[in-house]
$ cat query.cif   # mmCIF, C-alpha atoms
data_final
loop_
_atom_site.label_atom_id
_atom_site.label_comp_id
_atom_site.auth_asym_id
_atom_site.auth_seq_id
_atom_site.Cartn_x
_atom_site.Cartn_y
_atom_site.Cartn_z
CA MET A 1 151.06 -3.82 121.79
CA TRP A 2 150.30 -4.95 118.33
CA ALA A 3 153.29 -5.34 116.04
CA LEU A 4 153.08 -3.94 112.54
CA THR A 5 154.69 -6.46 110.21
CA THR A 6 155.38 -5.96 106.54
CA LEU A 7 156.47 -9.06 104.63
CA LEU A 8 157.95 -8.86 101.18
CA ILE A 9 156.84 -11.82 99.05
CA LEU A 10 158.42 -12.72 95.76
CA VAL A 11 155.84 -13.04 93.04
CA SER A 12 156.62 -14.62 89.70
CA SER A 13 155.47 -13.26 86.38
CA SER A 14 152.55 -15.72 86.34
CA GLY A 15 151.14 -14.21 89.53
CA HIS A 16 151.99 -17.15 91.82
CA ALA A 17 154.36 -16.94 94.78
CA ALA A 18 157.81 -18.18 93.71
CA PRO A 19 159.30 -20.91 95.94
CA LEU A 20 162.41 -19.79 97.78
CA GLU A 21 165.63 -21.78 97.55
CA LYS A 22 167.09 -23.20 100.71
CA PRO A 23 169.90 -21.13 102.24
CA THR A 24 173.56 -22.04 102.02
CA LEU A 25 175.33 -22.98 105.26
CA SER A 26 179.10 -22.44 105.32
CA LEU A 27 181.85 -23.20 107.86
CA HIS A 28 184.89 -21.04 108.67
CA PRO A 29 187.60 -22.37 108.78
CA PRO A 30 186.35 -25.02 106.36
CA TRP A 31 187.15 -28.16 108.42
CA THR A 32 184.62 -30.56 109.88
CA THR A 33 186.89 -31.73 112.74
CA ILE A 34 188.36 -29.42 115.41
CA PHE A 35 190.18 -29.85 118.71
CA LYS A 36 188.33 -29.62 121.97
CA GLY A 37 188.11 -26.00 123.16
CA GLU A 38 188.29 -24.48 119.65
CA ARG A 39 185.48 -22.46 118.09
CA VAL A 40 184.34 -22.17 114.49
CA THR A 41 181.95 -19.80 112.71
CA LEU A 42 178.78 -20.88 110.88
CA ARG A 43 177.22 -18.52 108.33
CA CYS A 44 173.74 -18.78 106.79
CA ASP A 45 173.38 -17.10 103.38
CA GLY A 46 169.96 -16.89 101.78
CA TYR A 47 166.92 -14.71 101.20
CA HIS A 48 166.06 -12.51 104.19
CA PRO A 49 162.68 -10.71 103.86
CA LEU A 50 162.14 -7.16 105.08
CA LEU A 51 160.44 -7.33 108.46
CA LEU A 52 159.21 -4.55 110.72
CA GLU A 53 158.31 -5.91 114.14
CA LEU A 54 159.32 -5.54 117.77
CA ARG A 55 161.66 -8.57 117.70
CA PRO A 56 162.65 -9.27 114.09
CA ILE A 57 163.53 -12.89 113.38
CA SER A 58 165.39 -13.44 110.12
CA THR A 59 167.37 -16.68 110.71
CA LEU A 60 166.68 -19.85 112.67
CA TRP A 61 169.47 -22.16 113.87
CA TYR A 62 169.16 -25.86 114.69
CA LEU A 63 171.53 -28.22 116.51
CA GLY A 64 170.04 -31.60 115.73
CA HIS A 65 166.34 -31.08 116.59
CA LEU A 66 167.11 -28.33 119.13
CA LEU A 67 166.31 -24.71 118.22
CA LEU A 68 169.17 -22.41 119.17
CA PRO A 69 168.46 -18.99 120.70
CA SER A 70 170.50 -16.98 118.17
CA HIS A 71 168.85 -15.35 115.13
CA LYS A 72 171.92 -13.78 113.53
CA LYS A 73 173.32 -14.65 110.12
CA SER A 74 176.54 -15.95 111.74
CA ILE A 75 177.15 -17.81 114.99
CA GLU A 76 180.21 -19.25 116.75
CA VAL A 77 179.97 -22.83 117.99
CA GLN A 78 182.18 -25.39 119.71
CA THR A 79 179.69 -28.17 120.44
CA PRO A 80 179.80 -31.25 118.20
CA GLY A 81 176.68 -32.20 116.29
CA VAL A 82 174.65 -31.60 113.12
CA TYR A 83 173.89 -27.93 112.38
CA ARG A 84 171.23 -26.48 110.04
CA CYS A 85 169.81 -23.04 109.40
CA GLN A 86 166.62 -21.59 107.93
CA THR A 87 165.54 -18.18 106.68
CA ARG A 88 161.98 -16.86 106.79
CA GLY A 89 159.79 -18.69 104.27
CA ALA A 90 162.64 -20.87 102.88
CA PRO A 91 163.38 -24.59 103.39
CA VAL A 92 165.99 -25.83 105.85
CA SER A 93 169.60 -25.78 104.63
CA ASP A 94 171.81 -28.79 104.04
CA PRO A 95 173.46 -30.03 107.25
CA ILE A 96 177.04 -29.65 108.46
CA HIS A 97 178.37 -32.28 110.84
CA LEU A 98 180.93 -30.86 113.26
CA SER A 99 183.24 -33.23 115.16
CA VAL A 100 185.31 -32.36 118.23
CA SER A 101 188.39 -34.45 119.03
CA ASN A 102 190.65 -34.80 122.06
CA ASP A 103 193.34 -36.78 120.19
CA TRP A 104 196.91 -35.68 119.56
CA LEU A 105 196.39 -35.90 115.80
CA ILE A 106 193.30 -35.14 113.67
CA LEU A 107 192.63 -35.33 109.93
CA GLN A 108 190.66 -32.33 108.66
CA VAL A 109 188.68 -32.63 105.42
CA PRO A 110 186.41 -30.11 103.62
CA TYR A 111 182.88 -29.70 104.94
CA ALA A 112 181.40 -29.11 101.48
CA ALA A 113 180.96 -31.75 98.82
CA VAL A 114 183.87 -32.17 96.41
CA PHE A 115 182.99 -32.81 92.76
CA GLU A 116 184.96 -34.34 89.92
CA GLY A 117 187.60 -31.99 88.54
CA GLU A 118 187.80 -29.93 91.74
CA SER A 119 190.70 -29.81 94.19
CA LEU A 120 190.56 -32.13 97.19
CA ILE A 121 192.59 -30.79 100.14
CA MET A 122 193.18 -32.59 103.44
CA ARG A 123 195.09 -31.39 106.49
CA CYS A 124 196.78 -33.52 109.15
CA ARG A 125 196.96 -31.31 112.22
CA GLY A 126 198.75 -31.82 115.54
CA TRP A 127 197.55 -30.76 118.98
CA TYR A 128 198.01 -26.98 119.48
CA ASP A 129 199.36 -26.85 115.91
CA LYS A 130 202.52 -28.75 116.74
CA VAL A 131 204.63 -29.77 113.76
CA VAL A 132 203.98 -33.34 112.59
CA TYR A 133 207.05 -35.24 111.33
CA LYS A 134 207.27 -38.37 109.18
CA LEU A 135 203.76 -37.64 107.95
CA HIS A 136 201.88 -40.34 106.04
CA TYR A 137 198.45 -40.07 104.41
CA TYR A 138 196.44 -43.25 103.87
CA ARG A 139 193.39 -44.15 101.77
CA ASP A 140 191.57 -47.36 102.66
CA GLY A 141 194.62 -48.56 104.57
CA GLN A 142 197.11 -47.90 101.74
CA ALA A 143 199.75 -45.14 101.97
CA VAL A 144 199.20 -42.52 99.25
CA ARG A 145 201.61 -39.71 100.21
CA TYR A 146 204.59 -39.05 102.51
CA PHE A 147 205.94 -35.73 103.81
CA HIS A 148 208.93 -35.05 106.02
CA SER A 149 206.92 -32.56 108.11
CA SER A 150 203.48 -30.95 108.27
CA ALA A 151 201.92 -30.44 104.85
CA ASN A 152 198.49 -30.66 103.27
CA TYR A 153 197.60 -33.52 100.95
CA THR A 154 196.14 -32.13 97.72
CA VAL A 155 194.55 -33.88 94.75
CA PRO A 156 194.45 -31.18 92.01
CA GLN A 157 191.67 -32.79 89.96
CA ALA A 158 189.72 -35.26 92.04
CA ARG A 159 188.03 -38.32 90.58
CA THR A 160 185.34 -40.57 92.02
CA SER A 161 188.08 -43.18 92.48
CA ASP A 162 189.65 -40.84 95.08
CA SER A 163 186.73 -41.52 97.43
CA GLY A 164 187.47 -43.63 100.50
CA ARG A 165 188.33 -43.60 104.18
CA TYR A 166 191.38 -41.43 104.83
CA GLN A 167 193.77 -41.39 107.78
CA CYS A 168 197.10 -39.80 108.67
CA SER A 169 199.98 -40.71 110.96
CA GLY A 170 203.14 -39.03 112.19
CA THR A 171 205.33 -38.14 115.15
CA MET A 172 205.57 -34.99 117.30
CA ARG A 173 208.27 -33.62 119.62
CA ILE A 174 206.61 -33.35 123.05
CA PRO A 175 209.40 -32.49 123.98
CA VAL A 176 211.22 -35.46 122.45
CA GLU A 177 210.04 -37.22 119.34
CA SER A 178 207.11 -39.49 120.10
CA ALA A 179 206.14 -42.82 118.66
CA PRO A 180 204.00 -42.76 115.50
CA MET A 181 200.44 -41.62 116.24
CA PHE A 182 197.36 -42.14 114.08
CA SER A 183 194.32 -39.99 113.51
CA SER A 184 190.77 -41.27 113.31
CA LYS A 185 189.52 -42.38 109.89
CA VAL A 186 187.39 -39.91 107.96
CA ALA A 187 185.12 -40.80 105.03
CA VAL A 188 185.63 -38.66 101.90
CA THR A 189 183.31 -38.86 98.89
CA VAL A 190 184.00 -37.26 95.52
CA GLN A 191 180.66 -36.55 93.86
CA GLU A 192 180.03 -37.30 90.18
CA LEU A 193 179.64 -34.06 88.23
CA PHE A 194 177.69 -35.72 85.40
CA PRO A 195 177.27 -39.32 84.23
CA ALA A 196 178.68 -40.66 80.98
CA PRO A 197 176.65 -39.28 78.06
CA VAL A 198 174.42 -41.35 75.80
CA LEU A 199 174.19 -40.69 72.06
CA ARG A 200 170.59 -40.89 70.81
CA VAL A 201 168.82 -40.30 67.50
CA THR A 202 166.30 -37.46 67.82
CA GLY A 203 164.96 -37.11 64.28
CA ARG A 204 165.58 -36.88 60.59
CA VAL A 205 166.27 -33.86 58.37
CA GLU A 206 164.70 -34.16 54.94
CA ALA A 207 166.66 -32.88 51.96
CA ARG A 208 165.18 -29.67 50.52
CA GLY A 209 166.65 -28.41 47.30
CA ALA A 210 170.36 -27.84 47.75
CA ALA A 211 170.15 -28.42 51.51
CA PRO A 212 171.32 -31.97 52.27
CA GLY A 213 169.38 -34.26 54.57
CA GLY A 214 170.58 -36.47 57.36
CA VAL A 215 169.88 -37.82 60.83
CA VAL A 216 170.08 -35.67 63.98
CA VAL A 217 171.81 -37.25 66.99
CA ARG A 218 172.05 -35.76 70.47
CA CYS A 219 174.70 -36.25 73.18
CA GLU A 220 172.62 -36.46 76.37
CA THR A 221 173.80 -36.18 79.98
CA ARG A 222 172.71 -34.32 83.13
CA LEU A 223 174.57 -32.21 85.67
CA HIS A 224 174.43 -32.79 89.42
CA PRO A 225 171.61 -30.80 91.07
CA HIS A 226 174.18 -28.85 93.11
CA LYS A 227 176.09 -27.90 89.93
CA PRO A 228 173.35 -26.97 87.45
CA ASP A 229 175.25 -24.01 85.97
CA THR A 230 178.42 -25.86 85.01
CA PRO A 231 179.02 -25.29 81.26
CA LEU A 232 179.64 -28.39 79.15
CA GLN A 233 180.96 -28.81 75.64
CA PHE A 234 180.47 -31.73 73.25
CA VAL A 235 182.51 -33.42 70.53
CA PHE A 236 181.34 -36.07 68.02
CA TYR A 237 183.29 -38.95 66.49
CA LYS A 238 182.90 -41.48 63.71
CA TYR A 239 185.03 -44.45 64.71
CA SER A 240 188.20 -42.64 65.89
CA ARG A 241 187.82 -39.63 63.57
CA VAL A 242 186.46 -36.32 64.86
CA VAL A 243 183.49 -35.19 62.77
CA ARG A 244 182.70 -32.12 64.91
CA ARG A 245 185.10 -30.57 67.38
CA PHE A 246 184.22 -29.32 70.87
CA ASP A 247 181.28 -26.97 70.75
CA TRP A 248 178.44 -25.82 73.01
CA GLY A 249 175.80 -27.61 70.94
CA ALA A 250 174.76 -31.08 72.07
CA GLU A 251 173.32 -32.06 68.64
CA TYR A 252 174.99 -33.11 65.41
CA THR A 253 173.52 -33.96 62.00
CA VAL A 254 174.92 -37.08 60.38
CA PRO A 255 175.10 -36.54 56.59
CA GLU A 256 172.82 -38.62 54.38
CA ALA A 257 175.81 -40.42 52.87
CA GLU A 258 176.81 -41.73 56.30
CA VAL A 259 173.37 -42.78 57.54
CA GLU A 260 174.13 -46.44 56.86
CA GLU A 261 177.02 -46.19 59.33
CA LEU A 262 175.16 -44.56 62.21
CA GLU A 263 176.38 -47.18 64.66
CA SER A 264 179.96 -46.06 64.11
CA HIS A 265 179.30 -42.71 65.87
CA TRP A 266 179.85 -41.76 69.51
CA CYS A 267 180.27 -38.52 71.46
CA GLU A 268 182.10 -37.01 74.40
CA ALA A 269 181.07 -34.42 77.01
CA ALA A 270 183.59 -32.31 78.93
CA THR A 271 183.95 -29.21 81.05
CA THR A 272 185.45 -26.10 79.49
CA SER A 273 188.76 -26.72 81.27
CA ARG A 274 188.71 -30.40 80.15
CA SER A 275 189.26 -31.44 83.75
CA VAL A 276 186.33 -33.88 83.40
CA ARG A 277 185.80 -35.72 80.11
CA LYS A 278 183.45 -38.65 79.60
CA ARG A 279 182.63 -40.57 76.41
CA SER A 280 179.44 -42.28 75.39
CA PRO A 281 178.96 -45.86 74.17
CA TRP A 282 178.48 -46.54 70.48
CA LEU A 283 175.19 -45.26 69.10
CA GLN A 284 172.45 -47.83 69.64
CA LEU A 285 169.60 -47.86 67.14
CA PRO A 286 166.04 -48.98 67.92
CA GLY A 287 164.73 -52.22 66.51
CA ARG A 288 162.63 -52.66 63.42
CA GLY A 289 159.09 -51.33 63.57
CA SER A 290 159.87 -48.26 65.68
CA PRO A 291 158.73 -44.79 64.53
CA LEU A 292 162.31 -43.82 63.75
CA ASP A 293 162.85 -46.93 61.68
CA LEU A 294 159.83 -46.10 59.53
CA ALA A 295 161.40 -42.73 58.72
CA PHE A 296 164.45 -44.38 57.19
CA THR A 297 163.17 -44.83 53.67
CA THR A 298 166.35 -44.34 51.70
CA ALA A 299 168.80 -46.36 53.77
CA PRO A 300 168.35 -49.53 55.83
CA VAL A 301 168.89 -49.28 59.57
CA PRO A 302 171.68 -51.58 60.78
CA GLN A 303 170.86 -53.91 63.64
CA ALA A 304 171.97 -52.88 67.11
CA VAL A 305 175.21 -54.44 68.28
CA ALA A 306 176.78 -54.91 71.71
CA LEU A 307 178.97 -52.21 73.19
CA ALA A 308 182.64 -52.40 72.53
CA PRO A 309 184.64 -54.01 75.38
CA SER A 310 186.13 -51.67 77.97
CA ASN A 311 184.05 -48.79 76.50
CA LYS A 312 186.77 -47.80 74.00
CA PRO A 313 186.25 -46.81 70.36
CA LEU A 314 187.03 -49.44 67.78
CA SER A 315 189.14 -48.67 64.76
CA PHE A 316 187.13 -50.98 62.52
CA ARG A 317 183.89 -52.89 62.80
CA LYS A 318 182.61 -55.24 60.16
CA PRO A 319 178.98 -56.36 60.08
CA LEU A 320 178.27 -60.04 60.40
CA VAL A 321 177.68 -61.84 57.10
CA ALA A 322 175.42 -64.87 57.01
CA ARG A 323 177.21 -67.87 55.61
CA SER A 324 175.33 -70.83 54.11
CA VAL A 325 176.59 -74.40 54.53
CA PRO A 326 177.09 -76.17 51.15
CA SER A 327 174.79 -79.10 50.61
CA VAL A 328 176.19 -82.64 50.33
CA SER A 329 175.90 -84.01 46.82
CA SER A 330 176.26 -87.69 47.65
CA ILE A 331 176.67 -89.87 50.71
CA SER A 332 177.64 -93.44 51.19
CA ASN A 333 174.85 -95.96 51.61
CA THR A 334 176.82 -98.12 54.03
CA THR A 335 177.94 -97.67 57.62
CA ALA A 336 180.90 -98.96 59.61
CA SER A 337 178.83 -101.88 60.93
CA GLY A 338 178.15 -103.12 57.43
CA LEU A 339 174.44 -102.24 57.41
CA LEU A 340 173.08 -101.15 54.09
CA PHE A 341 171.01 -97.97 53.79
CA PRO A 342 169.33 -96.64 50.70
CA ILE A 343 170.73 -93.42 49.30
CA GLY A 344 169.01 -90.39 50.81
CA SER A 345 168.00 -92.20 54.01
CA ALA A 346 171.38 -92.54 55.74
CA PRO A 347 171.32 -91.90 59.51
CA THR A 348 172.22 -88.37 60.61
CA ALA A 349 173.99 -87.19 63.77
CA GLY A 350 170.74 -87.72 65.67
CA PRO A 351 167.65 -85.72 66.52
CA PRO A 352 167.93 -82.45 68.44
CA ALA A 353 168.15 -82.57 72.22
CA CYS A 354 164.87 -83.41 73.96
CA ALA A 355 163.22 -84.20 70.58
CA PRO A 356 161.30 -87.51 70.34
CA PRO A 357 162.70 -90.05 67.85
CA THR A 358 160.89 -90.18 64.54
CA ALA A 359 159.53 -93.47 63.18
CA LEU A 360 160.99 -94.95 60.01
CA GLU A 361 158.91 -94.86 56.86
CA PRO A 362 157.41 -98.23 55.70
CA SER A 363 159.66 -98.33 52.64
CA ALA A 364 162.80 -97.80 54.74
CA ALA A 365 161.71 -100.47 57.26
CA ALA A 366 161.12 -103.01 54.46
CA ALA A 367 164.58 -102.28 53.01
CA LEU A 368 166.26 -102.87 56.38
CA GLN A 369 164.52 -106.22 57.13
CA PRO A 370 166.91 -108.54 55.10
CA SER A 371 169.98 -106.96 56.68
CA VAL A 372 168.56 -107.43 60.18
CA ASP A 373 167.76 -111.13 59.53
CA LEU A 374 171.28 -111.75 58.24
CA LEU A 375 172.79 -110.08 61.29
CA LEU A 376 170.71 -112.24 63.66
CA ARG A 377 171.81 -115.48 61.90
CA GLU A 378 175.49 -114.47 62.15
CA MET A 379 175.08 -113.71 65.83
CA ARG A 380 173.53 -117.18 66.46
CA LEU A 381 176.40 -118.93 64.61
CA LEU A 382 178.95 -116.93 66.61
CA LYS A 383 177.24 -117.89 69.86
CA GLY A 384 177.37 -121.62 68.97
CA LEU A 385 181.05 -121.41 68.04
CA LEU A 386 181.96 -119.74 71.33
CA SER A 387 180.04 -122.41 73.31
CA ARG A 388 181.92 -125.16 71.48
CA VAL A 389 185.33 -123.59 72.27
CA VAL A 390 184.49 -123.26 75.97
CA LEU A 391 183.31 -126.87 76.18
CA GLU A 392 186.50 -128.12 74.46
CA PHE A 393 188.68 -126.44 77.09
CA LYS A 394 186.67 -127.93 79.92
CA GLU A 395 186.26 -131.55 78.65
CA PRO A 396 188.43 -132.30 75.60
CA GLN A 397 187.17 -135.95 75.33
CA ALA A 398 183.50 -135.03 75.68
CA LEU A 399 183.26 -133.70 72.17
CA PRO A 400 182.43 -136.62 69.82
CA GLY A 401 184.11 -136.79 66.48
CA THR A 402 187.13 -134.76 67.53
CA PRO A 403 190.10 -136.06 65.49
CA GLU A 404 193.38 -136.62 67.31
CA THR A 405 196.56 -135.15 65.92
CA PRO A 406 199.32 -137.80 65.63
CA THR A 407 202.14 -135.31 65.96
CA ASN A 408 201.37 -133.67 69.30
CA HIS A 409 198.78 -133.35 72.04
CA LEU A 410 197.72 -130.46 74.23
CA ALA A 411 197.98 -131.55 77.85
CA VAL A 412 196.53 -129.43 80.60
CA SER A 413 198.22 -129.74 84.00
CA GLN A 414 195.93 -130.13 87.04
CA GLY A 415 198.05 -128.06 89.34
CA SER A 416 199.31 -125.30 87.05
CA PRO A 417 197.51 -122.91 84.77
CA LYS A 418 200.37 -123.08 82.25
CA THR A 419 200.06 -125.12 79.02
CA THR A 420 203.01 -127.33 78.01
CA THR A 421 203.74 -129.28 74.81
CA VAL A 422 204.48 -133.03 75.08
CA GLU A 423 206.04 -134.78 72.09
CA SER A 424 204.96 -138.36 71.33
#

$ encode --input "query.cif" --output "structure tokens"
Amino acid sequence: MWALTTLLILVSSSGHAAPLEKPTLSLHPPWTTIFKGERVTLRCDGYHPLLLELRPISTLWYLGHLLLPSHKKSIEVQTPGVYRCQTRGAPVSDPIHLSVSNDWLILQVPYAAVFEGESLIMRCRGWYDKVVYKLHYYRDGQAVRYFHSSANYTVPQARTSDSGRYQCSGTMRIPVESAPMFSSKVAVTVQELFPAPVLRVTGRVEARGAAPGGVVVRCETRLHPHKPDTPLQFVFYKYSRVVRRFDWGAEYTVPEAEVEELESHWCEAATTSRSVRKRSPWLQLPGRGSPLDLAFTTAPVPQAVALAPSNKPLSFRKPLVARSVPSVSSISNTTASGLLFPIGSAPTAGPPACAPPTALEPSAAAALQPSVDLLLREMRLLKGLLSRVVLEFKEPQALPGTPETPTNHLAVSQGSPKTTTVES
């Protein structure tokens, strides 16, 4: 028998078939770890076309790569693994990983992704829901919370720093109080809702009549693909002063009088509840020669500077001022060694590193020649004097013409290095 099938297709205003969004897979109760023998419910929510056939198929279920026989919107499962679902004509849903434990103690965490500003709830559960005493929660091996008996660990406004590997420990009365027992570690990741914004210059507003001109800046960021409808508000600052309070607009016009201080501006993006607030770095301007720089005809564009340390606003920033070194009016024409140099040609601290030495000019070389000859003669005289002193110590009588002193003599002992005085 032929089946008569009527399929409803969504058609966009342009006449093309609109792509269907992937369905949403949910878990009830919302914990990814259960005890052996327990059952949980999976629900697939998405677009279900109108079908008229002998055996209508609206939902497909997958356990890993295995196709399950059920085609209902909800199914009950107790087998561990990765579950996905799919509706007719739509992509496959995001997965849910279900774990089954046979331990005395398990740590249950949410199956869905947790974003910044949302509540993070964890549950340390005992076998057959027995009360857990002396309950500790740990993150990356460090204790973060203690309860006297069973209680959930809640972070009201989660941050990305709350991500980590969590674990719990406690005792149970079975029938007497047991030794401390530990659950398996579970990885928890807090997703970033939006990155820190960046303040950029988008254009210039020319002054027209009484309307003042200025420069338009925009506070740019992007929401996570799973949270595209989250409303954000923006605030703009100049140094630490608010120039426009929180508003829905992401653009702000800097007045013409403040264009020279564009680099003193920054912005902040936040959710409406202010549970997540992130600030931008200081405004960075493009270098000279860019299209935006050519538009600045009335005010010079300051050079870009480095971001402030620790990403905090500064209360005051002063531009660098070039300082010139005063020239030396006169220098000495002599050095410590007694060499004479003509004025204006005194030696400097030396050539730059890796630079070859420069040859002296002929006039400077001619001026240095008499000083070099004099130095060589003095060195020869000094050498002769030192040779004469050494020879006198070795052989006092070998030096001819050495006058004897009638008052005393210097006698050198053969067996002792000491010098003694002998009176005549």

$ resolve_selection --input "query.cif" --expression "the PyMOL selection byres ((chain A and resi 214) around 9)" --output "list in words"
Gly203, Arg204, Val205, Glu206, Ala207, Pro212, Gly213, Val215, Val216, Thr253, Val254, Pro255, Glu256, Ala257, Glu258 and Val259 of chain A

$ write_last_selection --input "query.cif" --atoms "C-alpha atoms" --output "short mmCIF file (atom, residue, chain, number, x, y, z; two decimals), in the frame of the given file"
data_model
loop_
_atom_site.label_atom_id
_atom_site.label_comp_id
_atom_site.auth_asym_id
_atom_site.auth_seq_id
_atom_site.Cartn_x
_atom_site.Cartn_y
_atom_site.Cartn_z
CA GLY A 203 164.96 -37.11 64.28
CA ARG A 204 165.58 -36.88 60.59
CA VAL A 205 166.27 -33.86 58.37
CA GLU A 206 164.70 -34.16 54.94
CA ALA A 207 166.66 -32.88 51.96
CA PRO A 212 171.32 -31.97 52.27
CA GLY A 213 169.38 -34.26 54.57
CA VAL A 215 169.88 -37.82 60.83
CA VAL A 216 170.08 -35.67 63.98
CA THR A 253 173.52 -33.96 62.00
CA VAL A 254 174.92 -37.08 60.38
CA PRO A 255 175.10 -36.54 56.59
CA GLU A 256 172.82 -38.62 54.38
CA ALA A 257 175.81 -40.42 52.87
CA GLU A 258 176.81 -41.73 56.30
CA VAL A 259 173.37 -42.78 57.54
#

$ resolve_selection --input "query.cif" --expression "the PyMOL selection byres ((chain A and resi 172) around 8)" --output "list of chain:residue names"
A:Gly126, A:Lys130, A:Val131, A:Val132, A:Tyr133, A:Gly170, A:Thr171, A:Arg173, A:Ile174, A:Val176, A:Glu177, A:Ser178, A:Ala179

$ residues_around --input "query.cif" --residues "region 20-32 of chain A" --least-positions-apart "6" --cutoff "6 Å" --atoms "all atoms listed in the file" --output "ChimeraX atom specification"
/A:40-46,90-93,98,108-111

$ residues_around --input "query.cif" --residues "Ser101 (chain A)" --least-positions-apart "3" --cutoff "8 Å" --atoms "only C-alpha atoms" --output "ChimeraX atom specification"
/A:33-36,106

$ resolve_selection --input "query.cif" --expression "the PyMOL selection byres ((chain A and resi 146) around 8)" --output "mmCIF file with C-alpha atoms, keeping the file's coordinate frame"
data_model
loop_
_atom_site.group_PDB
_atom_site.id
_atom_site.type_symbol
_atom_site.label_atom_id
_atom_site.label_comp_id
_atom_site.auth_asym_id
_atom_site.auth_seq_id
_atom_site.Cartn_x
_atom_site.Cartn_y
_atom_site.Cartn_z
ATOM 1 C CA LYS A 134 207.270 -38.370 109.180
ATOM 2 C CA LEU A 135 203.760 -37.640 107.950
ATOM 3 C CA HIS A 136 201.880 -40.340 106.040
ATOM 4 C CA TYR A 137 198.450 -40.070 104.410
ATOM 5 C CA ALA A 143 199.750 -45.140 101.970
ATOM 6 C CA VAL A 144 199.200 -42.520 99.250
ATOM 7 C CA ARG A 145 201.610 -39.710 100.210
ATOM 8 C CA PHE A 147 205.940 -35.730 103.810
ATOM 9 C CA HIS A 148 208.930 -35.050 106.020
#

$ closest_residue --input "query.cif" --among "A:Val82, A:Val77, A:Val198, A:Val114" --to "Leu63 (chain A)" --atoms "all atoms listed in the file"
A:Val82

$ atom_distance --input "query.cif" --atom1 "CA of Leu223 (chain A)" --atom2 "CA of Tyr239 (chain A)"
26.4 Å

$ closest_residue --input "query.cif" --among "A:Glu261, A:Glu392, A:Glu118, A:Glu251" --to "Thr154 (chain A)" --atoms "all atoms listed in the file"
A:Glu118

$ closest_residue --input "query.cif" --among "A:Lys73, A:Ala112, A:Ala187, A:Val276" --to "His226 (chain A)" --atoms "only C-alpha atoms"
A:Ala112

$ closest_residue --input "query.cif" --among "A:Gln369, A:Ala270, A:Asp229, A:Arg380" --to "Asp247 (chain A)" --atoms "all atoms listed in the file"
A:Ala270

$ atom_distance --input "query.cif" --atom1 "CA of Leu67 (chain A)" --atom2 "CA of Ala113 (chain A)"
25.3 Å

$ atom_distance --input "query.cif" --atom1 "CA of Leu60 (chain A)" --atom2 "CA of Ser99 (chain A)"
21.4 Å

$ residues_around --input "query.cif" --residues "Tyr237 (chain A)" --least-positions-apart "3" --cutoff "8 Å" --atoms "all atoms listed in the file" --output "list of chain:residue names"
A:Ser240, A:Arg241, A:Val242, A:Val243, A:Arg244, A:His265, A:Trp266, A:Cys267

$ residues_around --input "query.cif" --residues "Leu68 (chain A)" --least-positions-apart "5" --cutoff "12 Å" --atoms "all atoms listed in the file" --output "MDAnalysis selection string"
chainID A and resid 59:63 75:77 83:86

$ write_last_selection --input "query.cif" --atoms "C-alpha atoms" --output "short mmCIF file (atom, residue, chain, number, x, y, z; two decimals), in the coordinates of the input"
data_model
loop_
_atom_site.label_atom_id
_atom_site.label_comp_id
_atom_site.auth_asym_id
_atom_site.auth_seq_id
_atom_site.Cartn_x
_atom_site.Cartn_y
_atom_site.Cartn_z
CA THR A 59 167.37 -16.68 110.71
CA LEU A 60 166.68 -19.85 112.67
CA TRP A 61 169.47 -22.16 113.87
CA TYR A 62 169.16 -25.86 114.69
CA LEU A 63 171.53 -28.22 116.51
CA ILE A 75 177.15 -17.81 114.99
CA GLU A 76 180.21 -19.25 116.75
CA VAL A 77 179.97 -22.83 117.99
CA TYR A 83 173.89 -27.93 112.38
CA ARG A 84 171.23 -26.48 110.04
CA CYS A 85 169.81 -23.04 109.40
CA GLN A 86 166.62 -21.59 107.93
#

$ closest_residue --input "query.cif" --among "A:Tyr166, A:Trp104, A:Phe115, A:Phe246" --to "Lys227 (chain A)" --atoms "all atoms listed in the file"
A:Phe115

$ closest_residue --input "query.cif" --among "A:Ser387, A:Ser70, A:Thr230, A:Ser58" --to "Thr87 (chain A)" --atoms "only C-alpha atoms"
A:Ser58

$ axis_aligned_box --input "query.cif" --around "region 70-89 of chain A" --padding-each-side "6 Å" --output "AutoDock Vina command-line options"
--center_x 171.0 --center_y -23.0 --center_z 112.4 --size_x 34.4 --size_y 30.4 --size_z 28.2
